[in-house]
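K.L.:
Hey, dropping entry-v3.pdb in here, PDB, N, CA and C atoms:
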MODEL        1
ATOM      1  N   MET A   1     -12.205 -68.061 209.344
ATOM      2  CA  MET A   1     -12.548 -68.464 210.696
ATOM      3  C   MET A   1     -13.630 -67.525 211.233
ATOM      4  N   ALA A   2     -14.660 -68.087 211.798
ATOM      5  CA  ALA A   2     -15.769 -67.307 212.333
ATOM      6  C   ALA A   2     -15.379 -66.667 213.658
ATOM      7  N   ARG A   3     -15.947 -65.504 213.893
ATOM      8  CA  ARG A   3     -15.711 -64.815 215.165
ATOM      9  C   ARG A   3     -16.568 -65.439 216.258
ATOM     10  N   PRO A   4     -16.083 -65.426 217.500
ATOM     11  CA  PRO A   4     -16.922 -65.938 218.599
ATOM     12  C   PRO A   4     -18.071 -64.965 218.860
ATOM     13  N   PRO A   5     -19.225 -65.470 219.286
ATOM     14  CA  PRO A   5     -20.366 -64.581 219.528
ATOM     15  C   PRO A   5     -20.102 -63.634 220.688
ATOM     16  N   LYS A   6     -20.663 -62.442 220.580
ATOM     17  CA  LYS A   6     -20.544 -61.455 221.647
ATOM     18  C   LYS A   6     -21.770 -61.608 222.540
ATOM     19  N   GLU A   7     -21.575 -62.390 223.584
ATOM     20  CA  GLU A   7     -22.694 -62.804 224.443
ATOM     21  C   GLU A   7     -23.441 -61.627 225.071
ATOM     22  N   LYS A   8     -22.720 -60.629 225.558
ATOM     23  CA  LYS A   8     -23.371 -59.496 226.221
ATOM     24  C   LYS A   8     -24.251 -58.730 225.240
ATOM     25  N   ARG A   9     -23.722 -58.465 224.048
ATOM     26  CA  ARG A   9     -24.484 -57.750 223.020
ATOM     27  C   ARG A   9     -25.698 -58.569 222.598
ATOM     28  N   ASN A  10     -25.500 -59.865 222.375
ATOM     29  CA  ASN A  10     -26.594 -60.716 221.927
ATOM     30  C   ASN A  10     -27.711 -60.781 222.961
ATOM     31  N   LYS A  11     -27.335 -60.873 224.233
ATOM     32  CA  LYS A  11     -28.335 -60.915 225.298
ATOM     33  C   LYS A  11     -29.118 -59.602 225.348
ATOM     34  N   GLN A  12     -28.436 -58.475 225.233
ATOM     35  CA  GLN A  12     -29.113 -57.181 225.237
ATOM     36  C   GLN A  12     -30.058 -57.057 224.051
ATOM     37  N   LEU A  13     -29.614 -57.503 222.883
ATOM     38  CA  LEU A  13     -30.435 -57.424 221.682
ATOM     39  C   LEU A  13     -31.719 -58.228 221.858
ATOM     40  N   VAL A  14     -31.600 -59.442 222.337
ATOM     41  CA  VAL A  14     -32.771 -60.308 222.523
ATOM     42  C   VAL A  14     -33.706 -59.722 223.573
ATOM     43  N   GLU A  15     -33.173 -59.214 224.665
ATOM     44  CA  GLU A  15     -34.010 -58.650 225.728
ATOM     45  C   GLU A  15     -34.763 -57.411 225.250
ATOM     46  N   LEU A  16     -34.100 -56.538 224.496
ATOM     47  CA  LEU A  16     -34.771 -55.350 223.987
ATOM     48  C   LEU A  16     -35.903 -55.726 223.037
ATOM     49  N   ARG A  17     -35.622 -56.626 222.119
ATOM     50  CA  ARG A  17     -36.627 -57.043 221.138
ATOM     51  C   ARG A  17     -37.809 -57.722 221.831
ATOM     52  N   ALA A  18     -37.545 -58.560 222.832
ATOM     53  CA  ALA A  18     -38.619 -59.246 223.543
ATOM     54  C   ALA A  18     -39.456 -58.268 224.371
ATOM     55  N   LYS A  19     -38.810 -57.244 224.898
ATOM     56  CA  LYS A  19     -39.502 -56.270 225.740
ATOM     57  C   LYS A  19     -40.486 -55.420 224.940
ATOM     58  N   ASP A  20     -40.059 -54.937 223.768
ATOM     59  CA  ASP A  20     -40.908 -54.055 222.972
ATOM     60  C   ASP A  20     -40.571 -54.180 221.487
ATOM     61  N   PRO A  21     -41.168 -55.167 220.800
ATOM     62  CA  PRO A  21     -40.820 -55.393 219.397
ATOM     63  C   PRO A  21     -41.249 -54.271 218.451
ATOM     64  N   LYS A  22     -42.233 -53.459 218.840
ATOM     65  CA  LYS A  22     -42.640 -52.350 217.966
ATOM     66  C   LYS A  22     -41.616 -51.219 217.984
ATOM     67  N   THR A  23     -41.027 -50.968 219.118
ATOM     68  CA  THR A  23     -40.003 -49.926 219.219
ATOM     69  C   THR A  23     -38.664 -50.444 218.724
ATOM     70  N   TYR A  24     -38.314 -51.639 219.134
ATOM     71  CA  TYR A  24     -37.017 -52.210 218.788
ATOM     72  C   TYR A  24     -37.140 -53.154 217.595
ATOM     73  N   THR A  25     -37.341 -52.551 216.435
ATOM     74  CA  THR A  25     -37.388 -53.326 215.200
ATOM     75  C   THR A  25     -35.975 -53.818 214.896
ATOM     76  N   PHE A  26     -35.865 -54.729 213.948
ATOM     77  CA  PHE A  26     -34.536 -55.220 213.590
ATOM     78  C   PHE A  26     -33.688 -54.104 213.000
ATOM     79  N   ARG A  27     -34.316 -53.172 212.298
ATOM     80  CA  ARG A  27     -33.589 -52.020 211.753
ATOM     81  C   ARG A  27     -33.037 -51.149 212.893
ATOM     82  N   GLU A  28     -33.845 -50.917 213.908
ATOM     83  CA  GLU A  28     -33.414 -50.106 215.048
ATOM     84  C   GLU A  28     -32.332 -50.823 215.851
ATOM     85  N   LEU A  29     -32.489 -52.114 216.060
ATOM     86  CA  LEU A  29     -31.472 -52.884 216.783
ATOM     87  C   LEU A  29     -30.151 -52.880 216.020
ATOM     88  N   ALA A  30     -30.223 -52.980 214.691
ATOM     89  CA  ALA A  30     -29.008 -52.930 213.878
ATOM     90  C   ALA A  30     -28.320 -51.584 214.030
ATOM     91  N   ARG A  31     -29.101 -50.506 214.088
ATOM     92  CA  ARG A  31     -28.525 -49.172 214.269
ATOM     93  C   ARG A  31     -27.891 -49.039 215.651
ATOM     94  N   ILE A  32     -28.570 -49.508 216.681
ATOM     95  CA  ILE A  32     -28.072 -49.397 218.051
ATOM     96  C   ILE A  32     -26.755 -50.150 218.223
ATOM     97  N   PHE A  33     -26.688 -51.368 217.697
ATOM     98  CA  PHE A  33     -25.518 -52.221 217.912
ATOM     99  C   PHE A  33     -24.507 -52.166 216.768
ATOM    100  N   ASN A  34     -24.789 -51.314 215.777
ATOM    101  CA  ASN A  34     -23.881 -51.113 214.647
ATOM    102  C   ASN A  34     -23.567 -52.430 213.921
ATOM    103  N   ILE A  35     -24.644 -53.147 213.597
ATOM    104  CA  ILE A  35     -24.527 -54.403 212.850
ATOM    105  C   ILE A  35     -25.520 -54.360 211.696
ATOM    106  N   ASP A  36     -25.453 -55.344 210.821
ATOM    107  CA  ASP A  36     -26.357 -55.452 209.687
ATOM    108  C   ASP A  36     -27.746 -55.901 210.167
ATOM    109  N   ILE A  37     -28.774 -55.481 209.448
ATOM    110  CA  ILE A  37     -30.139 -55.859 209.810
ATOM    111  C   ILE A  37     -30.299 -57.376 209.812
ATOM    112  N   ARG A  38     -29.726 -58.035 208.826
ATOM    113  CA  ARG A  38     -29.810 -59.501 208.759
ATOM    114  C   ARG A  38     -29.128 -60.142 209.959
ATOM    115  N   ALA A  39     -28.029 -59.545 210.413
ATOM    116  CA  ALA A  39     -27.322 -60.084 211.582
ATOM    117  C   ALA A  39     -28.189 -59.950 212.826
ATOM    118  N   ALA A  40     -28.877 -58.821 212.977
ATOM    119  CA  ALA A  40     -29.765 -58.623 214.122
ATOM    120  C   ALA A  40     -30.872 -59.671 214.117
ATOM    121  N   TRP A  41     -31.439 -59.928 212.942
ATOM    122  CA  TRP A  41     -32.495 -60.931 212.807
ATOM    123  C   TRP A  41     -31.965 -62.324 213.152
ATOM    124  N   GLU A  42     -30.793 -62.659 212.632
ATOM    125  CA  GLU A  42     -30.204 -63.973 212.887
ATOM    126  C   GLU A  42     -29.876 -64.172 214.369
ATOM    127  N   ILE A  43     -29.307 -63.151 215.002
ATOM    128  CA  ILE A  43     -28.977 -63.234 216.424
ATOM    129  C   ILE A  43     -30.245 -63.451 217.238
ATOM    130  N   TYR A  44     -31.283 -62.670 216.943
ATOM    131  CA  TYR A  44     -32.523 -62.801 217.704
ATOM    132  C   TYR A  44     -33.122 -64.191 217.557
ATOM    133  N   ASN A  45     -33.245 -64.652 216.328
ATOM    134  CA  ASN A  45     -33.870 -65.958 216.097
ATOM    135  C   ASN A  45     -33.038 -67.110 216.634
ATOM    136  N   ARG A  46     -31.732 -66.973 216.627
ATOM    137  CA  ARG A  46     -30.863 -68.038 217.133
ATOM    138  C   ARG A  46     -30.879 -68.079 218.656
ATOM    139  N   ASP A  47     -30.897 -66.907 219.316
ATOM    140  CA  ASP A  47     -30.695 -66.836 220.761
ATOM    141  C   ASP A  47     -31.939 -66.533 221.593
ATOM    142  N   LYS A  48     -33.106 -66.367 220.963
ATOM    143  CA  LYS A  48     -34.282 -65.991 221.752
ATOM    144  C   LYS A  48     -34.656 -67.047 222.791
ATOM    145  N   SER A  49     -34.500 -68.310 222.467
ATOM    146  CA  SER A  49     -34.834 -69.344 223.448
ATOM    147  C   SER A  49     -33.790 -69.421 224.563
ATOM    148  N   LYS A  50     -32.593 -68.971 224.276
ATOM    149  CA  LYS A  50     -31.504 -69.002 225.251
ATOM    150  C   LYS A  50     -31.643 -67.895 226.293
ATOM    151  N   TYR A  51     -32.121 -66.712 225.872
ATOM    152  CA  TYR A  51     -32.137 -65.554 226.766
ATOM    153  C   TYR A  51     -33.516 -65.113 227.249
ATOM    154  N   THR A  52     -34.577 -65.706 226.748
ATOM    155  CA  THR A  52     -35.906 -65.328 227.230
ATOM    156  C   THR A  52     -36.514 -66.510 227.965
ATOM    157  N   LYS A  53     -37.338 -66.188 228.934
ATOM    158  CA  LYS A  53     -38.044 -67.234 229.670
ATOM    159  C   LYS A  53     -39.153 -67.763 228.777
ATOM    160  N   ASN A  54     -39.627 -68.939 229.083
ATOM    161  CA  ASN A  54     -40.734 -69.504 228.311
ATOM    162  C   ASN A  54     -41.956 -68.621 228.487
ATOM    163  N   ARG A  55     -42.344 -67.989 227.383
ATOM    164  CA  ARG A  55     -43.486 -67.080 227.422
ATOM    165  C   ARG A  55     -44.627 -67.693 226.638
ATOM    166  N   ARG A  56     -45.827 -67.508 227.114
ATOM    167  CA  ARG A  56     -47.007 -68.062 226.433
ATOM    168  C   ARG A  56     -47.573 -67.078 225.477
TER
ENDMDL
END
Could you spell out this file's structure in structure tokens?

P.N.:
Amino acid sequence: MARPPKEKRNKQLVELRAKDPKTYTFRELARIFNIDIRAAWEIYNRDKSKYTKNRR
């Protein structure tokens, strides 16, 4: 059975990455949130449209 998503963590991850992708690499986000690098990438790509405004 899959775990439910941790909405607060996912929102923070997406906001940090959107704010400064050079500082907040997927490796750094994985370290901050104590998750796998692939998980950080998957969370960002899945939830970026949900938590970021339409940016040009």

K.L.:
As AutoDock Vina command-line options, what would the box around segment 41-44 of chain A look like: edges along x, y and z, 3 Å added on every side, centre and edge lengths in Å to one decimal?

P.N.:
--center_x -31.0 --center_y -62.1 --center_z 215.2 --size_x 10.1 --size_y 10.3 --size_z 11.1

K.L.:
Give me, please, the distance in Å between atom C of Lys6 of chain A and atom C of Lys22 of chain A, quoted to one decimal.

P.N.:
22.9 Å

K.L.:
Can you list, as a list in words, every protein, DNA or RNA residue that comes within 8 Å of segment 25-29 of chain A when you count all atoms listed in the file, leaving out same-chain residues fewer than 2 positions away?

P.N.:
Leu13, Leu16, Arg17, Asp20, Pro21, Lys22, Thr23, Arg31, Ile32, Phe33, Asn34, Ile35, Asp36, Ile37, Arg38, Ala39, Ala40 and Trp41 of chain A

K.L.:
Would you kindly translate the PyMOL selection byres ((chain A and resi 14) around 7) into the concrete residues it picks from this file, as a ChimeraX atom specification?

P.N.:
/A:9-13,15-19,43-44,47-48,51-52

K.L.:
Have a look at atom CA of Ala30 of chain A and atom CA of Lys50 of chain A and let me know their distance in Å, one decimal.

P.N.:
19.8 Å

K.L.:
Find the distance between atom CA of Arg46 of chain A and atom CA of Tyr24 of chain A and write it in Å to one decimal.

P.N.:
17.1 Å

K.L.:
Residues of chain A classed as helix (DSSP H, G or I) by DSSP on the backbone are to be reported as an NGL selection string.

P.N.:
:A and (7-19 or 26-33 or 37-51)
